[in-house]
>>> print(open('start-v1.cif').read())   # mmCIF, C-alpha atoms
data_protein
#
loop_
_atom_site.label_atom_id
_atom_site.label_comp_id
_atom_site.auth_asym_id
_atom_site.auth_seq_id
_atom_site.Cartn_x
_atom_site.Cartn_y
_atom_site.Cartn_z
CA GLY A 218 -7.95 -12.33 -7.24
CA GLU A 219 -7.59 -10.61 -3.89
CA ASN A 220 -10.40 -10.59 -1.34
CA VAL A 221 -10.78 -6.88 -0.49
CA GLU A 222 -13.13 -4.80 -2.60
CA GLN A 223 -13.24 -1.01 -2.33
CA HIS A 224 -15.88 1.46 -3.56
CA PRO A 225 -16.17 4.00 -5.03
CA SER A 226 -13.10 4.30 -7.21
CA THR A 227 -13.54 8.07 -7.44
CA LEU A 228 -15.41 10.43 -5.15
CA SER A 229 -15.91 14.15 -5.54
CA VAL A 230 -17.39 16.23 -2.72
CA GLN A 231 -17.80 19.89 -1.91
CA GLU A 232 -15.66 21.32 0.85
CA GLY A 233 -17.42 20.86 4.15
CA ASP A 234 -19.41 17.83 3.04
CA SER A 235 -18.82 14.29 4.29
CA ALA A 236 -17.14 11.49 2.36
CA VAL A 237 -17.62 7.77 2.87
CA ILE A 238 -15.52 4.97 1.39
CA LYS A 239 -16.49 1.33 1.81
CA CYS A 240 -14.59 -1.93 1.69
CA THR A 241 -15.75 -5.51 1.88
CA TYR A 242 -13.77 -8.63 2.69
CA SER A 243 -14.40 -12.35 2.68
CA ASP A 244 -12.15 -13.83 5.39
CA SER A 245 -14.12 -13.68 8.64
CA ALA A 246 -11.08 -14.63 10.73
CA SER A 247 -9.44 -11.23 10.29
CA ASN A 248 -9.37 -8.81 13.18
CA TYR A 249 -7.48 -5.78 11.87
CA PHE A 250 -8.44 -3.21 9.21
CA PRO A 251 -6.15 -0.22 8.52
CA TRP A 252 -6.70 2.72 6.18
CA TYR A 253 -3.99 4.51 4.25
CA LYS A 254 -3.90 7.95 2.63
CA GLN A 255 -1.68 8.66 -0.37
CA GLU A 256 -1.24 12.29 -1.33
CA LEU A 257 -0.13 13.14 -4.84
CA GLY A 258 3.48 12.13 -5.37
CA LYS A 259 3.84 10.76 -1.85
CA ARG A 260 3.90 7.36 -0.21
CA PRO A 261 0.79 5.67 1.28
CA GLN A 262 0.62 6.42 5.00
CA LEU A 263 -1.44 4.83 7.74
CA ILE A 264 -4.10 7.23 9.00
CA ILE A 265 -6.37 5.09 11.16
CA ASP A 266 -7.11 1.47 11.89
CA ILE A 267 -9.77 -0.58 13.63
CA ARG A 268 -9.71 -3.93 15.36
CA SER A 269 -12.58 -6.38 15.38
CA ASN A 270 -13.34 -5.95 19.07
CA VAL A 271 -14.75 -2.47 18.41
CA GLY A 272 -17.41 -1.30 15.98
CA GLU A 273 -16.24 2.28 15.55
CA LYS A 274 -13.14 4.36 16.07
CA LYS A 275 -12.82 8.10 15.70
CA ASP A 276 -9.88 10.48 15.33
CA GLN A 277 -10.91 14.10 14.87
CA ARG A 278 -12.63 14.35 11.49
CA ILE A 279 -12.07 10.76 10.44
CA ALA A 280 -13.83 7.66 11.71
CA VAL A 281 -13.89 4.02 10.78
CA THR A 282 -16.77 1.63 11.29
CA LEU A 283 -16.70 -2.14 11.13
CA ASN A 284 -19.57 -4.53 10.56
CA LYS A 285 -18.20 -8.03 11.07
CA THR A 286 -21.50 -9.70 10.34
CA ALA A 287 -21.74 -8.08 6.94
CA LYS A 288 -17.95 -8.19 6.47
CA HIS A 289 -17.55 -4.58 5.55
CA PHE A 290 -15.76 -1.57 6.98
CA SER A 291 -15.94 2.10 6.07
CA LEU A 292 -13.94 5.30 6.32
CA HIS A 293 -15.89 8.44 7.12
CA ILE A 294 -14.43 11.92 6.69
CA THR A 295 -16.51 14.80 7.99
CA GLU A 296 -16.17 18.50 7.21
CA THR A 297 -13.90 17.72 4.28
CA GLN A 298 -11.12 20.13 3.42
CA PRO A 299 -9.01 20.51 0.26
CA GLU A 300 -6.08 18.80 2.00
CA ASP A 301 -8.19 15.66 2.32
CA SER A 302 -7.88 15.25 -1.46
CA ALA A 303 -5.85 12.07 -1.97
CA VAL A 304 -6.12 8.39 -2.81
CA TYR A 305 -7.37 6.31 0.11
CA PHE A 306 -6.69 2.59 0.45
CA CYS A 307 -8.32 0.16 2.80
CA ALA A 308 -6.53 -3.03 3.77
CA GLY A 309 -7.87 -6.30 5.01
CA PRO A 310 -7.33 -10.04 4.91
CA GLY A 311 -6.02 -11.46 1.70
CA ARG A 312 -5.93 -15.00 0.44
CA GLY A 313 -5.62 -17.37 3.35
CA GLY A 314 -6.15 -14.48 5.77
CA ASN A 315 -2.53 -14.29 6.79
CA LYS A 316 -1.49 -11.01 5.19
CA LEU A 317 -2.87 -7.56 4.68
CA THR A 318 -4.18 -6.93 1.17
CA PHE A 319 -4.94 -3.50 -0.18
CA GLY A 320 -8.17 -2.42 -1.79
CA THR A 321 -8.14 -0.86 -5.23
CA GLY A 322 -8.09 2.70 -3.90
CA THR A 323 -10.49 5.66 -3.93
CA GLN A 324 -9.50 8.97 -5.47
CA LEU A 325 -11.13 11.60 -3.27
CA LYS A 326 -11.38 15.13 -4.59
CA VAL A 327 -12.59 17.91 -2.34
CA GLU A 328 -13.77 20.85 -4.40
CA LEU A 329 -13.89 24.44 -3.20
CA ASP B 127 16.47 8.64 10.71
CA THR B 128 14.18 7.70 7.80
CA ALA B 129 12.26 4.52 8.57
CA VAL B 130 12.02 3.02 5.06
CA SER B 131 14.27 4.44 2.38
CA GLN B 132 14.63 3.69 -1.33
CA THR B 133 17.18 4.65 -3.94
CA PRO B 134 17.00 6.06 -6.46
CA LYS B 135 13.94 8.31 -6.25
CA TYR B 136 13.79 8.69 -10.02
CA LEU B 137 15.09 6.34 -12.69
CA VAL B 138 14.90 7.10 -16.40
CA THR B 139 16.31 4.49 -18.74
CA GLN B 140 16.08 3.01 -22.20
CA MET B 141 14.22 -0.15 -23.16
CA GLY B 142 16.36 -3.23 -22.87
CA ASN B 143 18.54 -1.94 -20.05
CA ASP B 144 18.98 -3.61 -16.67
CA LYS B 145 18.44 -1.59 -13.50
CA SER B 146 18.24 -2.05 -9.74
CA ILE B 147 16.28 -0.35 -6.97
CA LYS B 148 17.44 -0.60 -3.37
CA CYS B 149 15.42 -0.53 -0.18
CA GLU B 150 16.45 -0.35 3.45
CA GLN B 151 14.44 -0.23 6.66
CA ASN B 152 15.72 0.65 10.13
CA LEU B 153 12.57 -0.35 11.99
CA GLY B 154 13.80 -3.80 12.94
CA HIS B 155 10.97 -5.36 10.93
CA ASP B 156 11.07 -8.96 9.75
CA THR B 157 9.01 -8.58 6.58
CA MET B 158 9.60 -6.48 3.47
CA TYR B 159 7.60 -6.01 0.28
CA TRP B 160 7.80 -4.64 -3.24
CA TYR B 161 4.75 -3.05 -4.82
CA LYS B 162 4.14 -1.67 -8.31
CA GLN B 163 1.80 1.28 -8.64
CA ASP B 164 0.74 2.13 -12.16
CA SER B 165 -1.11 5.15 -13.48
CA LYS B 166 -4.42 3.74 -12.23
CA LYS B 167 -3.03 3.89 -8.69
CA PHE B 168 -3.50 0.18 -7.93
CA LEU B 169 -0.99 -1.07 -5.36
CA LYS B 170 -0.02 -4.40 -6.86
CA ILE B 171 2.11 -6.58 -4.63
CA MET B 172 5.04 -8.21 -6.40
CA PHE B 173 7.17 -9.90 -3.74
CA SER B 174 7.48 -10.29 -0.02
CA TYR B 175 10.34 -11.55 2.11
CA ASN B 176 10.21 -12.62 5.73
CA ASN B 177 13.56 -12.93 7.47
CA LYS B 178 15.31 -13.04 4.10
CA GLU B 179 13.07 -15.79 2.77
CA LEU B 180 10.74 -15.30 -0.19
CA ILE B 181 7.14 -15.77 0.95
CA ILE B 182 5.12 -14.01 -1.73
CA ASN B 183 5.92 -14.25 -5.41
CA GLU B 184 2.99 -12.95 -7.39
CA THR B 185 2.59 -13.34 -11.11
CA VAL B 186 5.50 -11.15 -12.14
CA PRO B 187 7.72 -11.60 -15.20
CA ASN B 188 10.93 -13.39 -14.33
CA ARG B 189 12.81 -10.32 -15.56
CA PHE B 190 12.12 -9.06 -12.02
CA SER B 191 14.36 -10.60 -9.38
CA PRO B 192 14.31 -9.60 -5.72
CA LYS B 193 17.21 -10.12 -3.37
CA SER B 194 17.35 -9.79 0.39
CA PRO B 195 20.94 -9.82 1.70
CA ASP B 196 19.64 -9.35 5.25
CA LYS B 197 16.27 -8.62 6.77
CA ALA B 198 16.86 -4.85 6.69
CA HIS B 199 17.40 -4.75 2.93
CA LEU B 200 15.35 -5.80 -0.07
CA ASN B 201 16.56 -4.94 -3.55
CA LEU B 202 14.78 -5.31 -6.87
CA HIS B 203 16.66 -6.01 -10.07
CA ILE B 204 14.94 -5.67 -13.41
CA ASN B 205 16.39 -7.12 -16.61
CA SER B 206 15.56 -6.12 -20.17
CA LEU B 207 13.32 -3.23 -19.22
CA GLU B 208 10.11 -2.75 -21.21
CA LEU B 209 7.83 0.25 -21.70
CA GLY B 210 5.17 -1.39 -19.54
CA ASP B 211 7.55 -1.47 -16.58
CA SER B 212 7.16 2.30 -16.22
CA ALA B 213 5.51 2.85 -12.84
CA VAL B 214 6.23 3.87 -9.27
CA TYR B 215 7.76 1.05 -7.25
CA PHE B 216 7.22 1.11 -3.51
CA CYS B 217 9.11 -0.81 -0.90
CA ALA B 218 7.37 -1.48 2.42
CA SER B 219 8.09 -3.28 5.66
CA SER B 220 6.10 -4.69 8.56
CA GLN B 221 6.91 -6.29 11.88
CA ASP B 222 5.72 -9.65 10.65
CA PHE B 223 3.67 -11.35 8.02
CA THR B 224 0.37 -11.63 9.85
CA GLY B 225 -2.88 -9.92 8.96
CA GLY B 226 -2.97 -8.28 12.39
CA PRO B 227 -1.51 -5.01 13.69
CA ARG B 228 2.04 -6.38 13.48
CA GLY B 229 1.42 -6.71 9.75
CA THR B 230 0.87 -2.95 9.34
CA GLN B 231 2.98 -1.89 6.40
CA TYR B 232 5.19 1.19 6.31
CA PHE B 233 6.13 2.46 2.89
CA GLY B 234 9.26 3.95 1.41
CA PRO B 235 9.08 7.14 -0.68
CA GLY B 236 8.83 5.28 -3.95
CA THR B 237 10.98 5.06 -7.07
CA ARG B 238 9.50 6.50 -10.24
CA LEU B 239 10.76 4.37 -13.12
CA THR B 240 10.39 5.70 -16.65
CA VAL B 241 11.34 3.45 -19.54
CA LEU B 242 11.82 5.25 -22.85
#
>>> encode(input="start-v1.cif", output="structure tokens")
Amino acid sequence: GENVEQHPSTLSVQEGDSAVIKCTYSDSASNYFPWYKQELGKRPQLIIDIRSNVGEKKDQRIAVTLNKTAKHFSLHITETQPEDSAVYFCAGPGRGGNKLTFGTGTQLKVEL
Amino acid sequence: DTAVSQTPKYLVTQMGNDKSIKCEQNLGHDTMYWYKQDSKKFLKIMFSYNNKELIINETVPNRFSPKSPDKAHLNLHINSLELGDSAVYFCASSQDFTGGPRGTQYFGPGTRLTVL
């Protein structure tokens, strides 16, 4: 199978709380880890990415962290809002490390 | 000025029919992909072409046949449609085939295929 694992598969939070989604990978040669957001009925769209020369990157309420030693990276959403409800996909190195492979997705639901 | 476009957006057809989905990108990318997304939301890669050459051919029934007439177009033809083919099919493109930033994939709007 593919080499990017994503957890949890579903996540429900109250509006204003934080949400964290984690992915692990096995190919240590990779240096690029994007995250995609897919709203209901829409296409997956790139929202943030991180390269291996940094440990954290932030863009307003979303941040990504990367732990190359442990081979995992995470998406953090703070002060969640209803419009954050979507399926989120991480992407990382696939077999052979020469293409991006998507995780299995996390359905995030932000409840009022 | 849509970056990655697909036609049709919706496709409803009977079992046993043959249908095609078309994809075009105007980003000047070298690599294009077809994904199948089922009700569980998994993005399952089916095929990938780089400069019109097939580079990824996952375990997909041979009823599915991709064709890339040039590097801006990647079409998907499906023969003898089955109920299990019902899904959303996404086309995507990237600058190249690497796992780095140039491999960032940009998706089309999707084609919702319903087989009755």
>>> resolve_selection(input="start-v1.cif", expression="the PyMOL selection byres ((chain B and resi 210) around 12)", output="PyMOL selection string")
chain B and resi 141-142+162-165+187+206-209+211-214+239-242
>>> write_last_selection(input="start-v1.cif", atoms="C-alpha atoms", output="PDB file, in the frame of the given file")
ATOM      1  CA  MET B 141      14.220  -0.150 -23.160  1.00  0.00           C
ATOM      2  CA  GLY B 142      16.360  -3.230 -22.870  1.00  0.00           C
ATOM      3  CA  LYS B 162       4.140  -1.670  -8.310  1.00  0.00           C
ATOM      4  CA  GLN B 163       1.800   1.280  -8.640  1.00  0.00           C
ATOM      5  CA  ASP B 164       0.740   2.130 -12.160  1.00  0.00           C
ATOM      6  CA  SER B 165      -1.110   5.150 -13.480  1.00  0.00           C
ATOM      7  CA  PRO B 187       7.720 -11.600 -15.200  1.00  0.00           C
ATOM      8  CA  SER B 206      15.560  -6.120 -20.170  1.00  0.00           C
ATOM      9  CA  LEU B 207      13.320  -3.230 -19.220  1.00  0.00           C
ATOM     10  CA  GLU B 208      10.110  -2.750 -21.210  1.00  0.00           C
ATOM     11  CA  LEU B 209       7.830   0.250 -21.700  1.00  0.00           C
ATOM     12  CA  ASP B 211       7.550  -1.470 -16.580  1.00  0.00           C
ATOM     13  CA  SER B 212       7.160   2.300 -16.220  1.00  0.00           C
ATOM     14  CA  ALA B 213       5.510   2.850 -12.840  1.00  0.00           C
ATOM     15  CA  VAL B 214       6.230   3.870  -9.270  1.00  0.00           C
ATOM     16  CA  LEU B 239      10.760   4.370 -13.120  1.00  0.00           C
ATOM     17  CA  THR B 240      10.390   5.700 -16.650  1.00  0.00           C
ATOM     18  CA  VAL B 241      11.340   3.450 -19.540  1.00  0.00           C
ATOM     19  CA  LEU B 242      11.820   5.250 -22.850  1.00  0.00           C
TER      20      LEU B 242
END
>>> residues_around(input="start-v1.cif", residues="Tyr249 (chain A)", least_positions_apart="3", cutoff="6 Å", atoms="only C-alpha atoms", output="number ranges by chain")
A: 267-268; B: 226
>>> residues_around(input="start-v1.cif", residues="region 145-154 of chain B", least_positions_apart="5", cutoff="6 Å", atoms="all atoms listed in the file", output="number ranges by chain")
B: 129-133, 198-204
>>> residues_around(input="start-v1.cif", residues="Lys135 (chain B)", least_positions_apart="6", cutoff="8 Å", atoms="all atoms listed in the file", output="list in words")
Pro235, Gly236, Thr237 and Arg238 of chain B
>>> closest_residue(input="start-v1.cif", among="B:Ser219, B:Thr224, B:Leu180, B:Ser191", to="chain A", atoms="only C-alpha atoms")
B:Thr224
>>> interface_residues(input="start-v1.cif", of="chain B", to="chain A", cutoff="8 Å", atoms="only C-alpha atoms", output="CSV table (one decimal) with C-alpha atoms, keeping the file's coordinate frame")
chain,number,residue,atom,x,y,z
B,167,LYS,CA,-3.0,3.9,-8.7
B,168,PHE,CA,-3.5,0.2,-7.9
B,169,LEU,CA,-1.0,-1.1,-5.4
B,216,PHE,CA,7.2,1.1,-3.5
B,223,PHE,CA,3.7,-11.4,8.0
B,224,THR,CA,0.4,-11.6,9.8
B,225,GLY,CA,-2.9,-9.9,9.0
B,226,GLY,CA,-3.0,-8.3,12.4
B,227,PRO,CA,-1.5,-5.0,13.7
B,229,GLY,CA,1.4,-6.7,9.8
B,230,THR,CA,0.9,-3.0,9.3
B,232,TYR,CA,5.2,1.2,6.3
B,233,PHE,CA,6.1,2.5,2.9
B,234,GLY,CA,9.3,4.0,1.4
B,235,PRO,CA,9.1,7.1,-0.7
B,236,GLY,CA,8.8,5.3,-4.0
>>> closest_residue(input="start-v1.cif", among="B:Leu137, B:Met158, B:Ile171, B:Cys217", to="Asn183 (chain B)", atoms="all atoms listed in the file")
B:Ile171
>>> resolve_selection(input="start-v1.cif", expression="the PyMOL selection byres ((chain A and resi 297) around 7)", output="list in words")
Glu232, Gly233, Asp234, Ser235, Ile294, Thr295, Glu296, Gln298, Pro299, Asp301 and Val327 of chain A
>>> atom_distance(input="start-v1.cif", atom1="CA of Ala303 (chain A)", atom2="CA of Lys254 (chain A)")
6.5 Å
>>> atom_distance(input="start-v1.cif", atom1="CA of Thr227 (chain A)", atom2="CA of Lys326 (chain A)")
7.9 Å
>>> atom_distance(input="start-v1.cif", atom1="CA of Ser174 (chain B)", atom2="CA of Gln231 (chain B)")
11.5 Å
>>> axis_aligned_box(input="start-v1.cif", around="region 279-292 of chain A", padding_each_side="6 Å", output="AutoDock Vina command-line options")
--center_x -16.9 --center_y 0.5 --center_z 8.6 --size_x 21.7 --size_y 32.5 --size_z 18.2
>>> resolve_selection(input="start-v1.cif", expression="the PyMOL selection byres ((chain A and resi 291) around 12)", output="PDB file with C-alpha atoms, in the coordinates of the input")
ATOM      1  CA  GLU A 222     -13.130  -4.800  -2.600  1.00  0.00           C
ATOM      2  CA  GLN A 223     -13.240  -1.010  -2.330  1.00  0.00           C
ATOM      3  CA  HIS A 224     -15.880   1.460  -3.560  1.00  0.00           C
ATOM      4  CA  PRO A 225     -16.170   4.000  -5.030  1.00  0.00           C
ATOM      5  CA  ALA A 236     -17.140  11.490   2.360  1.00  0.00           C
ATOM      6  CA  VAL A 237     -17.620   7.770   2.870  1.00  0.00           C
ATOM      7  CA  ILE A 238     -15.520   4.970   1.390  1.00  0.00           C
ATOM      8  CA  LYS A 239     -16.490   1.330   1.810  1.00  0.00           C
ATOM      9  CA  CYS A 240     -14.590  -1.930   1.690  1.00  0.00           C
ATOM     10  CA  THR A 241     -15.750  -5.510   1.880  1.00  0.00           C
ATOM     11  CA  TYR A 242     -13.770  -8.630   2.690  1.00  0.00           C
ATOM     12  CA  PHE A 250      -8.440  -3.210   9.210  1.00  0.00           C
ATOM     13  CA  PRO A 251      -6.150  -0.220   8.520  1.00  0.00           C
ATOM     14  CA  TRP A 252      -6.700   2.720   6.180  1.00  0.00           C
ATOM     15  CA  ILE A 265      -6.370   5.090  11.160  1.00  0.00           C
ATOM     16  CA  ASP A 266      -7.110   1.470  11.890  1.00  0.00           C
ATOM     17  CA  ILE A 267      -9.770  -0.580  13.630  1.00  0.00           C
ATOM     18  CA  GLY A 272     -17.410  -1.300  15.980  1.00  0.00           C
ATOM     19  CA  GLU A 273     -16.240   2.280  15.550  1.00  0.00           C
ATOM     20  CA  LYS A 274     -13.140   4.360  16.070  1.00  0.00           C
ATOM     21  CA  LYS A 275     -12.820   8.100  15.700  1.00  0.00           C
ATOM     22  CA  ILE A 279     -12.070  10.760  10.440  1.00  0.00           C
ATOM     23  CA  ALA A 280     -13.830   7.660  11.710  1.00  0.00           C
ATOM     24  CA  VAL A 281     -13.890   4.020  10.780  1.00  0.00           C
ATOM     25  CA  THR A 282     -16.770   1.630  11.290  1.00  0.00           C
ATOM     26  CA  LEU A 283     -16.700  -2.140  11.130  1.00  0.00           C
ATOM     27  CA  ASN A 284     -19.570  -4.530  10.560  1.00  0.00           C
ATOM     28  CA  LYS A 285     -18.200  -8.030  11.070  1.00  0.00           C
ATOM     29  CA  ALA A 287     -21.740  -8.080   6.940  1.00  0.00           C
ATOM     30  CA  LYS A 288     -17.950  -8.190   6.470  1.00  0.00           C
ATOM     31  CA  HIS A 289     -17.550  -4.580   5.550  1.00  0.00           C
ATOM     32  CA  PHE A 290     -15.760  -1.570   6.980  1.00  0.00           C
ATOM     33  CA  LEU A 292     -13.940   5.300   6.320  1.00  0.00           C
ATOM     34  CA  HIS A 293     -15.890   8.440   7.120  1.00  0.00           C
ATOM     35  CA  ILE A 294     -14.430  11.920   6.690  1.00  0.00           C
ATOM     36  CA  TYR A 305      -7.370   6.310   0.110  1.00  0.00           C
ATOM     37  CA  PHE A 306      -6.690   2.590   0.450  1.00  0.00           C
ATOM     38  CA  CYS A 307      -8.320   0.160   2.800  1.00  0.00           C
ATOM     39  CA  ALA A 308      -6.530  -3.030   3.770  1.00  0.00           C
ATOM     40  CA  GLY A 309      -7.870  -6.300   5.010  1.00  0.00           C
ATOM     41  CA  GLY A 320      -8.170  -2.420  -1.790  1.00  0.00           C
ATOM     42  CA  THR A 323     -10.490   5.660  -3.930  1.00  0.00           C
TER      43      THR A 323
END
>>> decode(input="start-v1.cif", residues="region 173-183 of chain B", atoms="all heavy atoms", output="mmCIF file, in the first residue's frame")
data_model
loop_
_atom_site.group_PDB
_atom_site.id
_atom_site.type_symbol
_atom_site.label_atom_id
_atom_site.label_comp_id
_atom_site.auth_asym_id
_atom_site.auth_seq_id
_atom_site.Cartn_x
_atom_site.Cartn_y
_atom_site.Cartn_z
ATOM 1 N N PHE B 173 -4.207 6.760 -12.712
ATOM 2 C CA PHE B 173 -3.193 6.881 -13.755
ATOM 3 C C PHE B 173 -2.460 8.209 -13.610
ATOM 4 O O PHE B 173 -2.988 9.167 -13.075
ATOM 5 C CB PHE B 173 -3.838 6.866 -15.159
ATOM 6 C CG PHE B 173 -4.673 5.665 -15.464
ATOM 7 C CD1 PHE B 173 -6.059 5.739 -15.428
ATOM 8 C CD2 PHE B 173 -4.083 4.459 -15.810
ATOM 9 C CE1 PHE B 173 -6.841 4.638 -15.713
ATOM 10 C CE2 PHE B 173 -4.856 3.348 -16.101
ATOM 11 C CZ PHE B 173 -6.235 3.443 -16.047
ATOM 12 N N SER B 174 -1.245 8.224 -14.160
ATOM 13 C CA SER B 174 -0.536 9.480 -14.286
ATOM 14 C C SER B 174 0.270 9.469 -15.577
ATOM 15 O O SER B 174 0.836 8.440 -15.959
ATOM 16 C CB SER B 174 0.398 9.704 -13.097
ATOM 17 O OG SER B 174 1.108 10.920 -13.258
ATOM 18 N N TYR B 175 0.281 10.614 -16.238
ATOM 19 C CA TYR B 175 1.056 10.784 -17.461
ATOM 20 C C TYR B 175 2.044 11.926 -17.261
ATOM 21 O O TYR B 175 1.716 12.956 -16.664
ATOM 22 C CB TYR B 175 0.133 11.159 -18.638
ATOM 23 C CG TYR B 175 -0.465 9.985 -19.354
ATOM 24 C CD1 TYR B 175 -1.465 9.224 -18.764
ATOM 25 C CD2 TYR B 175 -0.037 9.636 -20.628
ATOM 26 C CE1 TYR B 175 -2.016 8.144 -19.425
ATOM 27 C CE2 TYR B 175 -0.596 8.561 -21.308
ATOM 28 C CZ TYR B 175 -1.580 7.822 -20.697
ATOM 29 O OH TYR B 175 -2.125 6.751 -21.359
ATOM 30 N N ASN B 176 3.236 11.745 -17.787
ATOM 31 C CA ASN B 176 4.232 12.797 -17.785
ATOM 32 C C ASN B 176 4.689 13.029 -19.226
ATOM 33 O O ASN B 176 5.204 12.109 -19.867
ATOM 34 C CB ASN B 176 5.426 12.416 -16.904
ATOM 35 C CG ASN B 176 6.374 13.582 -16.709
ATOM 36 O OD1 ASN B 176 5.990 14.639 -16.219
ATOM 37 N ND2 ASN B 176 7.617 13.406 -17.092
ATOM 38 N N ASN B 177 4.454 14.225 -19.719
ATOM 39 C CA ASN B 177 4.770 14.510 -21.123
ATOM 40 C C ASN B 177 4.203 13.451 -22.068
ATOM 41 O O ASN B 177 4.913 12.926 -22.918
ATOM 42 C CB ASN B 177 6.285 14.622 -21.323
ATOM 43 C CG ASN B 177 6.797 15.997 -20.963
ATOM 44 O OD1 ASN B 177 6.154 16.999 -21.254
ATOM 45 N ND2 ASN B 177 7.946 16.035 -20.335
ATOM 46 N N LYS B 178 2.957 13.155 -21.873
ATOM 47 C CA LYS B 178 2.184 12.226 -22.713
ATOM 48 C C LYS B 178 2.546 10.763 -22.522
ATOM 49 O O LYS B 178 2.002 9.907 -23.210
ATOM 50 C CB LYS B 178 2.313 12.573 -24.206
ATOM 51 C CG LYS B 178 1.849 13.963 -24.593
ATOM 52 C CD LYS B 178 1.737 14.125 -26.098
ATOM 53 C CE LYS B 178 3.076 13.928 -26.774
ATOM 54 N NZ LYS B 178 2.949 13.962 -28.262
ATOM 55 N N GLU B 179 3.450 10.471 -21.596
ATOM 56 C CA GLU B 179 3.809 9.078 -21.373
ATOM 57 C C GLU B 179 3.228 8.569 -20.062
ATOM 58 O O GLU B 179 3.314 9.238 -19.031
ATOM 59 C CB GLU B 179 5.333 8.922 -21.353
ATOM 60 C CG GLU B 179 5.950 9.141 -22.725
ATOM 61 C CD GLU B 179 7.394 8.673 -22.787
ATOM 62 O OE1 GLU B 179 7.800 7.886 -21.916
ATOM 63 O OE2 GLU B 179 8.103 9.116 -23.699
ATOM 64 N N LEU B 180 2.686 7.355 -20.095
ATOM 65 C CA LEU B 180 2.093 6.753 -18.913
ATOM 66 C C LEU B 180 3.186 6.412 -17.914
ATOM 67 O O LEU B 180 4.125 5.688 -18.237
ATOM 68 C CB LEU B 180 1.324 5.495 -19.312
ATOM 69 C CG LEU B 180 0.583 4.754 -18.198
ATOM 70 C CD1 LEU B 180 -0.539 5.610 -17.632
ATOM 71 C CD2 LEU B 180 0.034 3.438 -18.729
ATOM 72 N N ILE B 181 3.069 6.943 -16.684
ATOM 73 C CA ILE B 181 4.079 6.660 -15.673
ATOM 74 C C ILE B 181 3.500 5.975 -14.447
ATOM 75 O O ILE B 181 4.228 5.369 -13.677
ATOM 76 C CB ILE B 181 4.830 7.933 -15.239
ATOM 77 C CG1 ILE B 181 3.862 9.039 -14.802
ATOM 78 C CG2 ILE B 181 5.746 8.425 -16.347
ATOM 79 C CD1 ILE B 181 4.541 10.242 -14.195
ATOM 80 N N ILE B 182 2.227 6.104 -14.221
ATOM 81 C CA ILE B 182 1.565 5.402 -13.126
ATOM 82 C C ILE B 182 0.353 4.697 -13.692
ATOM 83 O O ILE B 182 -0.464 5.300 -14.375
ATOM 84 C CB ILE B 182 1.110 6.340 -11.994
ATOM 85 C CG1 ILE B 182 2.289 6.985 -11.304
ATOM 86 C CG2 ILE B 182 0.269 5.571 -10.965
ATOM 87 C CD1 ILE B 182 1.893 7.980 -10.235
ATOM 88 N N ASN B 183 0.260 3.426 -13.412
ATOM 89 C CA ASN B 183 -0.897 2.640 -13.847
ATOM 90 C C ASN B 183 -1.238 1.717 -12.692
ATOM 91 O O ASN B 183 -0.710 0.614 -12.590
ATOM 92 C CB ASN B 183 -0.541 1.868 -15.116
ATOM 93 C CG ASN B 183 -1.748 1.165 -15.712
ATOM 94 O OD1 ASN B 183 -2.854 1.236 -15.180
ATOM 95 N ND2 ASN B 183 -1.550 0.489 -16.817
#
